[in-house]
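Colleague: Sending over final32.txt (compact mmCIF, C-alpha atoms and all ligand atoms).
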# COMPACT_ATOMS: atom_id res chain seq x y z
CA MET K 1 73.23 111.31 152.19
CA ASP K 2 72.90 115.09 152.47
CA ILE K 3 69.43 115.62 151.05
CA THR K 4 69.62 119.41 151.23
CA ALA K 5 72.82 119.62 149.23
CA LEU K 6 71.55 117.12 146.70
CA ASP K 7 68.23 118.96 146.47
CA LYS K 8 70.02 122.19 145.55
CA GLN K 9 72.18 120.40 143.03
CA LEU K 10 69.13 118.85 141.33
CA ILE K 11 67.30 122.19 141.23
CA ALA K 12 70.30 123.91 139.68
CA GLU K 13 70.77 121.14 137.12
CA ALA K 14 67.10 121.18 136.15
CA TRP K 15 66.86 124.97 135.91
CA THR K 16 69.94 125.21 133.70
CA SER K 17 69.19 122.07 131.68
CA PRO K 18 70.86 122.14 128.28
CA ASP K 19 68.91 119.04 127.18
CA MET K 20 65.27 119.23 128.13
CA TYR K 21 63.88 121.52 125.41
CA PRO K 22 66.26 120.29 122.68
CA ASN K 23 65.03 116.75 123.46
CA LEU K 24 61.48 117.93 122.77
CA GLU K 25 62.57 119.55 119.50
CA THR K 26 64.14 116.26 118.46
CA LEU K 27 61.00 114.28 119.30
CA VAL K 28 58.61 116.54 117.41
CA ASP K 29 60.99 116.69 114.45
CA PHE K 30 60.72 112.90 114.14
CA GLY K 31 56.98 113.33 113.59
CA SER K 32 53.85 112.24 115.42
CA ARG K 33 55.35 109.04 116.93
CA PHE K 34 51.98 107.38 116.35
CA ALA K 35 51.98 103.67 117.14
CA GLY K 36 53.20 101.72 114.13
CA SER K 37 54.77 104.72 112.37
CA PRO K 38 58.46 105.17 111.45
CA SER K 39 58.64 108.17 113.83
CA GLU K 40 57.57 105.92 116.72
CA ALA K 41 60.60 103.72 116.04
CA GLN K 42 62.85 106.80 115.82
CA ALA K 43 61.58 108.05 119.18
CA ARG K 44 62.08 104.61 120.76
CA ASP K 45 65.71 104.49 119.56
CA PHE K 46 66.31 108.07 120.69
CA ILE K 47 65.01 107.37 124.21
CA GLN K 48 67.21 104.30 124.42
CA GLN K 49 70.29 106.27 123.33
CA LYS K 50 69.55 109.01 125.85
CA PHE K 51 68.98 106.53 128.69
CA HIS K 52 72.36 105.04 127.84
CA ALA K 53 74.07 108.43 127.67
CA TYR K 54 72.53 109.42 131.02
CA GLY K 55 74.02 106.34 132.68
CA LEU K 56 70.96 104.13 133.20
CA LYS K 57 71.57 100.41 133.79
CA GLN K 58 69.63 97.24 132.89
CA LEU K 59 68.65 99.06 129.74
CA HIS K 60 66.23 97.04 127.67
CA LEU K 61 63.25 97.08 125.34
CA ALA K 62 60.06 95.34 126.44
CA PRO K 63 58.16 94.24 123.32
CA PHE K 64 54.49 93.39 123.04
CA ASP K 65 52.13 92.40 120.25
CA TYR K 66 49.10 94.48 119.44
CA LEU K 67 46.67 95.37 116.69
CA GLY K 68 48.10 98.26 114.66
CA TRP K 69 45.68 100.71 113.10
CA TYR K 70 46.39 102.73 109.98
CA ARG K 71 44.36 105.72 108.85
CA GLY K 72 42.86 105.56 105.36
CA THR K 73 40.15 107.66 103.73
CA CYS K 74 37.17 109.30 105.35
CA GLY K 75 34.08 110.83 103.76
CA LEU K 76 31.07 112.37 105.48
CA ASN K 77 28.33 113.95 103.34
CA ILE K 78 24.97 115.45 104.18
CA VAL K 79 22.46 114.10 101.65
CA ALA K 80 19.19 115.48 103.07
CA PRO K 81 17.73 118.08 103.52
CA VAL K 82 20.76 119.62 101.73
CA GLN K 83 23.76 118.15 99.94
CA ARG K 84 27.09 119.08 101.41
CA ALA K 85 30.47 117.52 102.22
CA ILE K 86 31.83 117.86 105.76
CA ASP K 87 35.52 117.63 106.68
CA SER K 88 36.05 114.69 109.00
CA ILE K 89 38.72 112.31 110.26
CA SER K 90 38.44 108.77 111.58
CA LEU K 91 38.79 108.24 115.29
CA VAL K 92 41.52 105.76 116.17
CA TYR K 93 40.44 102.12 115.81
CA SER K 94 37.44 103.07 113.71
CA PRO K 95 36.51 100.07 111.59
CA SER K 96 35.77 100.61 107.90
CA THR K 97 32.25 101.05 106.63
CA PRO K 98 31.02 98.62 103.98
CA VAL K 99 32.52 99.65 100.63
CA GLY K 100 30.33 102.44 99.28
CA GLY K 101 29.59 103.65 102.82
CA LEU K 102 26.49 103.66 104.97
CA ARG K 103 23.55 106.01 105.03
CA ALA K 104 21.46 107.01 108.04
CA ALA K 105 19.83 109.86 109.93
CA ILE K 106 21.78 111.60 112.69
CA ILE K 107 20.56 111.81 116.27
CA ASP K 108 22.22 114.44 118.47
CA VAL K 109 22.86 113.36 122.07
CA GLY K 110 24.40 116.64 123.24
CA MET K 111 27.42 116.05 125.44
CA GLY K 112 26.77 112.31 125.50
CA THR K 113 26.26 111.99 129.24
CA GLU K 114 24.60 108.93 130.74
CA LYS K 115 21.42 110.97 131.27
CA GLU K 116 21.29 112.33 127.72
CA TYR K 117 21.77 108.85 126.28
CA ALA K 118 19.05 107.47 128.55
CA ALA K 119 16.61 110.14 127.34
CA LYS K 120 17.07 109.08 123.69
CA LYS K 121 17.79 105.38 124.12
CA ASP K 122 14.87 104.12 122.00
CA LYS K 123 15.70 106.41 119.09
CA LEU K 124 19.31 105.42 118.44
CA ALA K 125 19.14 101.96 116.88
CA GLY K 126 20.14 102.06 113.21
CA LYS K 127 21.04 105.75 113.43
CA ILE K 128 24.29 107.71 113.51
CA VAL K 129 24.87 109.27 116.92
CA MET K 130 26.45 112.72 117.15
CA CYS K 131 27.86 113.95 120.44
CA SER K 132 30.10 116.76 121.56
CA SER K 133 33.50 116.65 123.26
CA ALA K 134 32.06 119.09 125.85
CA ASN K 135 31.42 117.93 129.40
CA PRO K 136 29.08 119.10 132.16
CA GLU K 137 30.21 121.95 134.41
CA GLU K 138 29.69 119.78 137.47
CA GLY K 139 30.02 116.15 138.39
CA ARG K 140 31.83 113.52 136.41
CA GLN K 141 33.30 114.18 132.98
CA PRO K 142 32.55 111.25 130.70
CA HIS K 143 35.47 110.18 128.52
CA ARG K 144 35.20 109.89 124.74
CA ARG K 145 35.45 106.07 124.97
CA GLU K 146 32.51 106.02 127.35
CA LYS K 147 30.39 108.21 125.04
CA TYR K 148 31.23 105.90 122.13
CA GLY K 149 30.48 102.78 124.18
CA ARG K 150 27.01 104.09 124.99
CA ALA K 151 26.30 104.67 121.27
CA VAL K 152 27.38 101.09 120.53
CA ASP K 153 25.24 99.72 123.37
CA ALA K 154 22.21 101.64 122.07
CA GLY K 155 22.49 100.00 118.62
CA ALA K 156 23.76 103.01 116.66
CA ILE K 157 25.53 102.22 113.37
CA GLY K 158 27.88 105.21 113.31
CA PHE K 159 29.33 107.84 115.65
CA ILE K 160 30.22 111.49 115.03
CA TYR K 161 32.36 113.25 117.63
CA ALA K 162 32.03 117.03 117.35
CA ARG K 163 34.62 119.22 119.03
CA HIS K 164 33.20 121.84 121.40
CA LEU K 165 35.88 124.51 120.85
CA PRO K 166 35.96 126.76 117.77
CA GLY K 167 38.91 126.77 115.39
CA GLY K 168 38.04 124.29 112.66
CA LEU K 169 39.81 121.42 114.38
CA PRO K 170 38.53 117.87 114.67
CA GLU K 171 39.74 116.12 117.85
CA THR K 172 41.08 112.58 117.56
CA GLY K 173 41.35 109.77 120.12
CA SER K 174 40.85 106.03 120.43
CA LEU K 175 37.52 104.22 120.58
CA ARG K 176 38.49 100.98 122.28
CA PRO K 177 41.64 99.69 123.99
CA GLY K 178 43.76 97.74 121.51
CA ARG K 179 40.91 96.54 119.34
CA LEU K 180 38.67 97.81 116.58
CA GLY K 181 35.51 99.62 117.59
CA GLU K 182 32.19 98.04 116.74
CA ILE K 183 30.87 100.91 114.59
CA PRO K 184 32.65 103.48 112.37
CA ALA K 185 33.40 106.77 114.10
CA VAL K 186 34.60 110.14 112.86
CA ALA K 187 35.52 113.48 114.38
CA ILE K 188 34.42 116.88 113.05
CA SER K 189 35.11 120.48 114.01
CA TYR K 190 32.95 122.62 116.28
CA GLU K 191 31.79 124.63 113.27
CA SER K 192 30.68 121.54 111.33
CA GLY K 193 28.96 120.19 114.43
CA PHE K 194 27.14 123.50 114.89
CA ALA K 195 25.93 123.44 111.27
CA LEU K 196 24.76 119.84 111.57
CA LYS K 197 22.96 120.50 114.83
CA ARG K 198 21.07 123.41 113.24
CA LEU K 199 19.80 121.08 110.51
CA ILE K 200 18.94 118.30 112.97
CA ASP K 201 16.91 120.72 115.11
CA LYS K 202 14.76 121.51 112.06
CA GLY K 203 14.09 117.96 110.95
CA GLU K 204 15.50 114.67 109.79
CA THR K 205 19.08 115.03 108.61
CA VAL K 206 20.58 112.17 106.63
CA VAL K 207 24.27 111.63 105.93
CA THR K 208 26.45 109.11 104.18
CA LEU K 209 29.60 107.92 105.89
CA ASP K 210 32.37 106.18 103.97
CA VAL K 211 35.42 105.29 106.04
CA GLN K 212 38.23 102.96 104.95
CA ASN K 213 41.02 102.16 107.41
CA ASP K 214 43.49 99.33 107.77
CA SER K 215 44.59 97.23 110.73
CA HIS K 216 46.96 94.34 111.24
CA PRO K 217 49.00 92.81 114.08
CA THR K 218 52.34 94.43 114.88
CA VAL K 219 54.84 94.97 117.70
CA ALA K 220 55.74 97.94 119.92
CA TYR K 221 58.44 98.41 122.54
CA HIS K 222 58.62 100.06 125.94
CA VAL K 223 62.08 101.49 126.72
CA ILE K 224 63.25 100.72 130.26
CA GLY K 225 66.36 101.58 132.28
CA ASP K 226 67.33 101.77 135.96
CA VAL K 227 69.18 104.03 138.34
CA PRO K 228 70.06 101.17 140.69
CA GLY K 229 69.61 101.93 144.37
CA LYS K 230 70.88 100.19 147.50
CA THR K 231 67.77 98.02 147.72
CA ASP K 232 65.55 96.17 145.22
CA GLN K 233 62.57 98.38 145.96
CA VAL K 234 61.60 100.25 142.82
CA ILE K 235 59.93 103.54 142.03
CA LEU K 236 58.76 103.33 138.43
CA VAL K 237 58.65 106.67 136.59
CA GLY K 238 57.07 106.60 133.15
CA ALA K 239 55.36 108.55 130.40
CA HIS K 240 54.08 107.54 126.99
CA TYR K 241 56.17 108.53 123.99
CA ASP K 242 53.60 107.88 121.29
CA GLY K 243 51.43 110.66 119.91
CA HIS K 244 48.45 110.95 117.58
CA ASP K 245 49.07 110.67 113.86
CA ILE K 246 47.46 114.04 113.01
CA ALA K 247 49.87 116.12 115.13
CA GLN K 248 53.36 116.65 116.54
CA GLY K 249 52.11 115.58 119.95
CA ALA K 250 54.36 118.23 121.49
CA MET K 251 52.35 118.55 124.71
CA ASP K 252 50.79 115.07 124.64
CA ASP K 253 53.10 113.56 125.25
CA GLY K 254 56.37 115.01 124.03
CA THR K 255 56.61 116.95 127.27
CA GLY K 256 55.98 113.89 129.46
CA THR K 257 58.64 111.97 127.54
CA CYS K 258 61.05 114.87 128.13
CA MET K 259 60.23 114.80 131.85
CA VAL K 260 61.25 111.13 131.98
CA LEU K 261 64.43 111.87 129.99
CA GLU K 262 65.28 114.85 132.18
CA LEU K 263 64.81 112.93 135.43
CA ALA K 264 66.96 110.15 133.97
CA ARG K 265 69.62 112.78 133.25
CA LEU K 266 69.40 114.25 136.76
CA PHE K 267 69.36 110.94 138.65
CA GLY K 268 71.67 108.87 136.39
CA PRO K 269 74.80 110.08 138.21
CA LEU K 270 73.26 109.01 141.57
CA ARG K 271 73.28 105.30 140.74
CA GLY K 272 74.21 103.17 143.73
CA GLN K 273 73.64 106.06 146.14
CA LEU K 274 69.89 106.16 146.81
CA LYS K 275 67.88 103.76 148.94
CA ARG K 276 65.48 102.78 146.19
CA THR K 277 66.01 101.91 142.55
CA ILE K 278 64.41 104.38 140.16
CA ARG K 279 63.19 102.70 136.99
CA PHE K 280 62.51 104.93 134.02
CA MET K 281 60.12 103.84 131.30
CA GLY K 282 59.26 105.29 127.91
CA ILE K 283 55.81 103.79 127.50
CA ALA K 284 54.50 102.77 124.07
CA CYS K 285 50.94 102.86 122.71
CA GLU K 286 49.11 104.92 125.33
CA GLU K 287 47.04 106.65 122.69
CA LEU K 288 45.51 103.31 121.71
CA GLY K 289 43.35 103.20 124.82
CA VAL K 290 46.14 102.95 127.45
CA LEU K 291 47.14 99.78 125.64
CA GLY K 292 50.92 99.61 126.17
CA SER K 293 50.93 99.86 129.96
CA THR K 294 47.96 97.48 130.17
CA LYS K 295 49.93 94.91 128.14
CA TYR K 296 53.02 95.48 130.28
CA VAL K 297 51.12 94.75 133.48
CA GLU K 298 49.45 91.69 131.92
CA ASN K 299 52.69 90.32 130.47
CA ASN K 300 54.54 90.76 133.78
CA ARG K 301 51.84 89.60 136.18
CA GLY K 302 53.50 88.25 139.35
CA LYS K 303 56.83 89.85 138.40
CA LEU K 304 56.09 93.42 139.46
CA ASN K 305 56.36 92.86 143.19
CA ASP K 306 59.44 95.07 143.44
CA ILE K 307 57.50 98.15 142.32
CA GLU K 308 56.53 100.13 145.40
CA LEU K 309 55.14 103.13 143.52
CA MET K 310 54.43 104.07 139.91
CA ILE K 311 54.54 107.74 138.93
CA ASN K 312 52.96 108.64 135.59
CA LEU K 313 54.24 111.83 133.95
CA ASP K 314 51.78 111.94 131.02
CA GLY K 315 51.15 115.65 130.46
CA ALA K 316 53.12 116.61 133.57
CA VAL K 317 54.22 119.93 132.07
CA GLY K 318 52.05 123.03 132.33
CA ASN K 319 51.83 126.51 133.80
CA GLY K 320 49.39 125.60 136.55
CA ALA K 321 49.96 124.43 140.13
CA LYS K 322 52.19 121.36 140.20
CA GLY K 323 50.97 118.35 142.10
CA PHE K 324 49.63 114.84 141.91
CA ALA K 325 46.41 112.93 141.41
CA THR K 326 46.88 110.35 144.16
CA SER K 327 44.26 107.76 143.13
CA GLY K 328 42.66 107.85 146.58
CA LEU K 329 45.79 106.26 148.12
CA ASP K 330 45.91 107.79 151.58
CA ASP K 331 49.41 106.56 152.48
CA VAL K 332 51.03 108.11 149.37
CA GLU K 333 49.05 111.29 149.86
CA SER K 334 50.23 111.70 153.43
CA ILE K 335 53.88 111.34 152.39
CA LEU K 336 53.41 113.88 149.58
CA ARG K 337 51.92 116.30 152.12
CA LYS K 338 54.99 115.88 154.30
CA ILE K 339 57.28 116.45 151.31
CA ALA K 340 55.33 119.60 150.36
CA LYS K 341 55.80 120.92 153.87
CA GLU K 342 59.47 120.05 154.11
CA THR K 343 60.33 121.55 150.71
CA ARG K 344 58.08 124.56 151.30
CA TYR K 345 56.59 123.90 147.88
CA PRO K 346 52.78 123.91 147.72
CA LEU K 347 52.03 120.65 145.90
CA LYS K 348 48.44 120.51 144.71
CA LEU K 349 47.03 117.12 145.63
CA SER K 350 43.77 115.61 144.45
CA GLU K 351 42.33 112.20 145.30
CA LYS K 352 41.27 111.61 141.73
CA VAL K 353 41.84 108.27 140.00
CA VAL K 354 42.89 109.17 136.45
CA THR K 355 41.48 106.29 134.43
CA ALA K 356 42.63 107.29 130.95
CA SER K 357 46.39 107.13 131.32
CA ASP K 358 49.25 104.76 132.15
CA ASN K 359 48.96 104.89 135.94
CA PHE K 360 45.60 103.13 135.69
CA PRO K 361 46.64 99.55 134.73
CA PHE K 362 49.18 99.56 137.59
CA PHE K 363 46.56 100.89 140.01
CA MET K 364 44.11 98.18 138.92
CA GLU K 365 46.79 95.59 139.68
CA GLY K 366 46.99 96.92 143.25
CA ILE K 367 50.32 98.67 142.66
CA PRO K 368 50.20 102.19 144.14
CA ALA K 369 50.18 104.47 141.09
CA ILE K 370 49.80 108.24 140.88
CA MET K 371 49.95 110.90 138.19
CA MET K 372 51.74 114.22 138.23
CA THR K 373 49.58 117.17 137.16
CA ALA K 374 50.63 120.68 136.13
CA ARG K 375 47.67 122.21 134.33
CA GLU K 376 44.71 123.84 135.98
CA GLU K 377 41.65 121.81 135.18
CA ASN K 378 39.47 123.91 132.92
CA ARG K 379 36.19 122.22 132.05
CA THR K 380 35.32 124.73 129.35
CA LEU K 381 38.65 124.21 127.65
CA GLY K 382 38.76 120.45 128.11
CA ARG K 383 41.80 119.08 126.26
CA GLY K 384 42.56 122.46 124.70
CA PHE K 385 44.73 121.77 121.66
CA GLY K 386 45.40 118.23 122.88
CA HIS K 387 44.50 115.50 120.36
CA THR K 388 44.22 118.09 117.55
CA ALA K 389 46.62 118.95 114.72
CA MET K 390 47.60 122.06 116.70
CA ASP K 391 49.33 120.21 119.53
CA THR K 392 52.59 121.68 118.28
CA LEU K 393 55.91 122.83 119.74
CA ASP K 394 54.90 126.51 119.92
CA LYS K 395 52.39 125.62 122.67
CA VAL K 396 55.15 124.49 125.02
CA ASN K 397 57.11 126.85 127.24
CA GLU K 398 60.66 125.85 128.16
CA ARG K 399 60.40 127.54 131.56
CA ASP K 400 57.36 125.41 132.44
CA MET K 401 59.25 122.29 131.43
CA LYS K 402 62.16 123.15 133.69
CA GLU K 403 59.99 124.10 136.64
CA CYS K 404 58.02 120.86 136.38
CA ALA K 405 61.26 118.86 136.19
CA MET K 406 62.53 120.63 139.33
CA VAL K 407 59.39 119.83 141.27
CA ALA K 408 59.37 116.21 140.11
CA ALA K 409 63.08 115.80 140.94
CA ARG K 410 62.67 117.14 144.47
CA VAL K 411 59.74 114.83 145.16
CA LEU K 412 61.45 111.84 143.56
CA LEU K 413 64.62 112.36 145.59
CA ARG K 414 62.68 112.27 148.84
CA LEU K 415 60.56 109.29 147.81
CA ALA K 416 63.68 107.37 146.79
CA GLU K 417 65.20 108.09 150.21
CA TRP K 418 62.02 107.70 152.30
CA ASP K 419 62.98 105.68 155.38
CA LYS K 420 59.70 103.78 155.72
CA PRO K 421 57.58 101.95 153.13
CA ILE K 422 55.94 104.49 150.80
CA ALA K 423 52.70 102.67 150.12
CA ARG K 424 51.18 99.26 150.50
CA ARG K 425 49.65 97.08 147.83
CA ARG K 426 45.88 97.24 147.55
CA THR K 427 43.60 94.21 147.31
CA PRO K 428 41.04 93.99 144.49
CA ASP K 429 38.34 94.82 147.06
CA GLU K 430 40.17 97.97 148.11
CA ILE K 431 40.64 99.02 144.48
CA LYS K 432 36.97 98.43 143.79
CA ALA K 433 35.99 100.48 146.84
CA ILE K 434 38.12 103.45 145.69
CA LEU K 435 36.58 103.30 142.19
CA VAL K 436 33.04 103.05 143.55
CA SER K 437 33.67 105.96 145.92
CA GLN K 438 34.69 108.08 142.90
CA ASP K 439 31.59 107.08 140.96
CA LEU K 440 33.61 105.24 138.31
CA GLU K 441 31.77 101.93 138.07
CA GLN K 442 29.30 102.88 135.31
CA PRO K 443 31.81 104.78 133.15
CA LEU K 444 34.34 101.96 133.31
CA LYS K 445 31.64 99.44 132.42
CA ALA K 446 30.67 101.54 129.37
CA GLN K 447 34.33 101.48 128.32
CA ASP K 448 34.62 97.74 128.82
CA LYS K 449 37.22 98.32 131.58
CA TRP K 450 35.43 97.00 134.68
CA PRO K 451 36.96 93.67 135.76
CA PHE K 452 35.05 93.02 139.00
ZN ZN N 1 48.92 111.56 126.94
Translate the structure of the given file into structure tokens.
Modeller:
Amino acid sequence: MDITALDKQLIAEAWTSPDMYPNLETLVDFGSRFAGSPSEAQARDFIQQKFHAYGLKQLHLAPFDYLGWYRGTCGLNIVAPVQRAIDSISLVYSPSTPVGGLRAAIIDVGMGTEKEYAAKKDKLAGKIVMCSSANPEEGRQPHRREKYGRAVDAGAIGFIYARHLPGGLPETGSLRPGRLGEIPAVAISYESGFALKRLIDKGETVVTLDVQNDSHPTVAYHVIGDVPGKTDQVILVGAHYDGHDIAQGAMDDGTGTCMVLELARLFGPLRGQLKRTIRFMGIACEELGVLGSTKYVENNRGKLNDIELMINLDGAVGNGAKGFATSGLDDVESILRKIAKETRYPLKLSEKVVTASDNFPFFMEGIPAIMMTAREENRTLGRGFGHTAMDTLDKVNERDMKECAMVAARVLLRLAEWDKPIARRRTPDEIKAILVSQDLEQPLKAQDKWPF
């Protein structure tokens, strides 16, 4: 195997790709691909057709049951000291309020950090908690699900999630993994949050909240196909193909889906030639609290021993430094450093365990799992347009897509051909130690995701 020649061939193919951007156009034209929607099914079928066309083998769908959630109506009104309607949307998995709605005063907990909640913990029972999507400039950045969990734990009866960036956009996201939240929750824009906060600072501010959503059991499907190698060792490369129902989900995660498709296109012709098998996976239902990959790991417990490494490509397209969050796995990190040196490409590596995406369930199972990153972390910006209605195709640059695919292809080629084991399984104790070292015990407990 002449790695150098193959490397050049992959780079040329990626840089001149006739498929990568058109695939994204197709995905966003289907619609949001939200779990349970017709556009989700269209995307699933499209990925399967493409995997077939690109020459993947053992092509199959992996179904799983879950609780589907369907957006209904949402009404938020200030009733005192003034009367005013506020635009709002339900957060995903928000339960309905009693018919006719509920009425309570709002308590503002700022960014919703552990400290801010602690300071107001005796004032929250029976109230509606409002917190911002902003995060502190330093230290940990609490996830939306953690902020919500703390409101539930404090006895609040409703939750308002105010975006911290101007532009009139509420920011959606799930409340709990694969199940209804305990209390109704809505998102509002920065401007509405600012107006509410001004009232709250002056005195008691009472609102009514009337939310009606629907939920019932349904089925989703991961799409899986292999580039068979010379051994049974597998590198699993995946990204979620579902989006949020209020948007095109062009960046999150149309681009990640297109990365998986593009790598399938590049590596399909290499079947039978590489040391390891590369398994590609279009992952379903990530936006429901990392539900799909969690179900996959649960449903295949004891059968995933062939997976040596999982690479998550959720959001792996951007104009920042390309690299990986290595989940504190020193063996994988050291190999990636060697690959960076050999390819003379400065991969940006961080030790971070990304807990809110599809690498996480594999990591928790002890399977080495990492995530590709391509955007500079910007705490002020947070998700940017992600999870808003403005996550649309115009935000994506075709050049960035192609560059990210090149980088991923070069790394994947070398990992597939690596002559020693890439990474060893971790024991539950080792996983726990990594999480504790990254200060993740409390946040995961608040999200109901701490198994130890
Ligand atoms: Zn995503």
Colleague: Axis-aligned box over every listed atom of segment 139-152 of chain K, padded by 8 Å per side: centre and edges in Å to one decimal, as JSON?
Modeller:
{"center_x": 30.9, "center_y": 108.6, "center_z": 129.5, "size_x": 25.2, "size_y": 31.1, "size_z": 33.9}
Colleague: Within 10 Å of segment 31-45 of chain K, counting only C-alpha atoms, which residues show up once you throw out same-chain ones fewer than 4 positions away? Write them as a CSV table (one decimal) with C-alpha atoms, in the frame of the given file, please.
Modeller:
chain,number,residue,atom,x,y,z
K,26,THR,CA,64.1,116.3,118.5
K,27,LEU,CA,61.0,114.3,119.3
K,49,GLN,CA,70.3,106.3,123.3
K,50,LYS,CA,69.6,109.0,125.8
K,51,PHE,CA,69.0,106.5,128.7
K,61,LEU,CA,63.2,97.1,125.3
K,66,TYR,CA,49.1,94.5,119.4
K,67,LEU,CA,46.7,95.4,116.7
K,68,GLY,CA,48.1,98.3,114.7
K,69,TRP,CA,45.7,100.7,113.1
K,70,TYR,CA,46.4,102.7,110.0
K,217,PRO,CA,49.0,92.8,114.1
K,218,THR,CA,52.3,94.4,114.9
K,219,VAL,CA,54.8,95.0,117.7
K,220,ALA,CA,55.7,97.9,119.9
K,221,TYR,CA,58.4,98.4,122.5
K,222,HIS,CA,58.6,100.1,125.9
K,223,VAL,CA,62.1,101.5,126.7
K,241,TYR,CA,56.2,108.5,124.0
K,242,ASP,CA,53.6,107.9,121.3
K,243,GLY,CA,51.4,110.7,119.9
K,244,HIS,CA,48.4,111.0,117.6
K,245,ASP,CA,49.1,110.7,113.9
K,246,ILE,CA,47.5,114.0,113.0
K,247,ALA,CA,49.9,116.1,115.1
K,248,GLN,CA,53.4,116.6,116.5
K,249,GLY,CA,52.1,115.6,120.0
K,250,ALA,CA,54.4,118.2,121.5
K,253,ASP,CA,53.1,113.6,125.2
K,254,GLY,CA,56.4,115.0,124.0
K,257,THR,CA,58.6,112.0,127.5
K,282,GLY,CA,59.3,105.3,127.9
K,283,ILE,CA,55.8,103.8,127.5
K,284,ALA,CA,54.5,102.8,124.1
K,285,CYS,CA,50.9,102.9,122.7
K,286,GLU,CA,49.1,104.9,125.3
K,287,GLU,CA,47.0,106.6,122.7
K,288,LEU,CA,45.5,103.3,121.7
K,292,GLY,CA,50.9,99.6,126.2
K,389,ALA,CA,46.6,119.0,114.7
K,392,THR,CA,52.6,121.7,118.3
Colleague: Dig up all the protein and nucleic acid residues within 6 Å of (61.6, 101.7, 140.0) in the file frame, using all atoms listed in the file, and format them as a PDB file with C-alpha atoms, in the frame of the given file.
Modeller:
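Done, and the output landed in selection-v1.pdb:
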ATOM      1  CA  VAL K 234      61.600 100.250 142.820  1.00  0.00           C
ATOM      2  CA  ILE K 235      59.930 103.540 142.030  1.00  0.00           C
ATOM      3  CA  LEU K 236      58.760 103.330 138.430  1.00  0.00           C
ATOM      4  CA  THR K 277      66.010 101.910 142.550  1.00  0.00           C
ATOM      5  CA  ILE K 278      64.410 104.380 140.160  1.00  0.00           C
ATOM      6  CA  ARG K 279      63.190 102.700 136.990  1.00  0.00           C
ATOM      7  CA  ILE K 307      57.500  98.150 142.320  1.00  0.00           C
TER       8      ILE K 307
END
Colleague: Fewer than 6 positions away in the same chain doesn't count, so skip those; otherwise give me all residues within 12 Å of Thr355 of chain K, counting all atoms listed in the file, as an MDAnalysis selection string.
Modeller: chainID K and resid 141:143 145:146 286 289:290 294 312 325:327 361:364 369:371 435 438:441 443:444 447 449:450
Colleague: Could you list the protein, DNA and RNA residues that have any atom within 6 Å of ligand ZN 1 (chain N), counting all atoms listed in the file, and write them as an mmCIF file with C-alpha atoms, keeping the file's coordinate frame?
Modeller:
data_model
loop_
_atom_site.group_PDB
_atom_site.id
_atom_site.type_symbol
_atom_site.label_atom_id
_atom_site.label_comp_id
_atom_site.auth_asym_id
_atom_site.auth_seq_id
_atom_site.Cartn_x
_atom_site.Cartn_y
_atom_site.Cartn_z
ATOM 1 C CA ASP K 252 50.790 115.070 124.640
ATOM 2 C CA ASP K 253 53.100 113.560 125.250
ATOM 3 C CA ASP K 314 51.780 111.940 131.020
ATOM 4 C CA GLY K 315 51.150 115.650 130.460
#
Colleague: Which polymer residues, whether protein, DNA or RNA, lie within 12 Å of the coordinate (39.2, 93.5, 112.1) when you count all atoms listed in the file? List them as a list in words, using the chain letters and numbers from the file.
Modeller: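 With a cut-off of 12 Å, the residues come to Leu67, Gly68, Trp69, Tyr70, Tyr93, Ser94, Pro95, Ser96, Thr97, Gly178, Arg179, Leu180, Gly181, Glu182, Ile183, Pro184, Gln212, Asn213, Asp214, Ser215, His216 and Pro217 of chain K.
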Colleague: Would you pick out the contacts of Glu377 of chain K at 12 Å or less, using all atoms listed in the file, so that residues sharing its chain but fewer than 3 positions from it are not included, and give the list as number ranges by chain?
Modeller: K: 137, 141, 318-322, 325, 348, 350, 373-374, 380-384
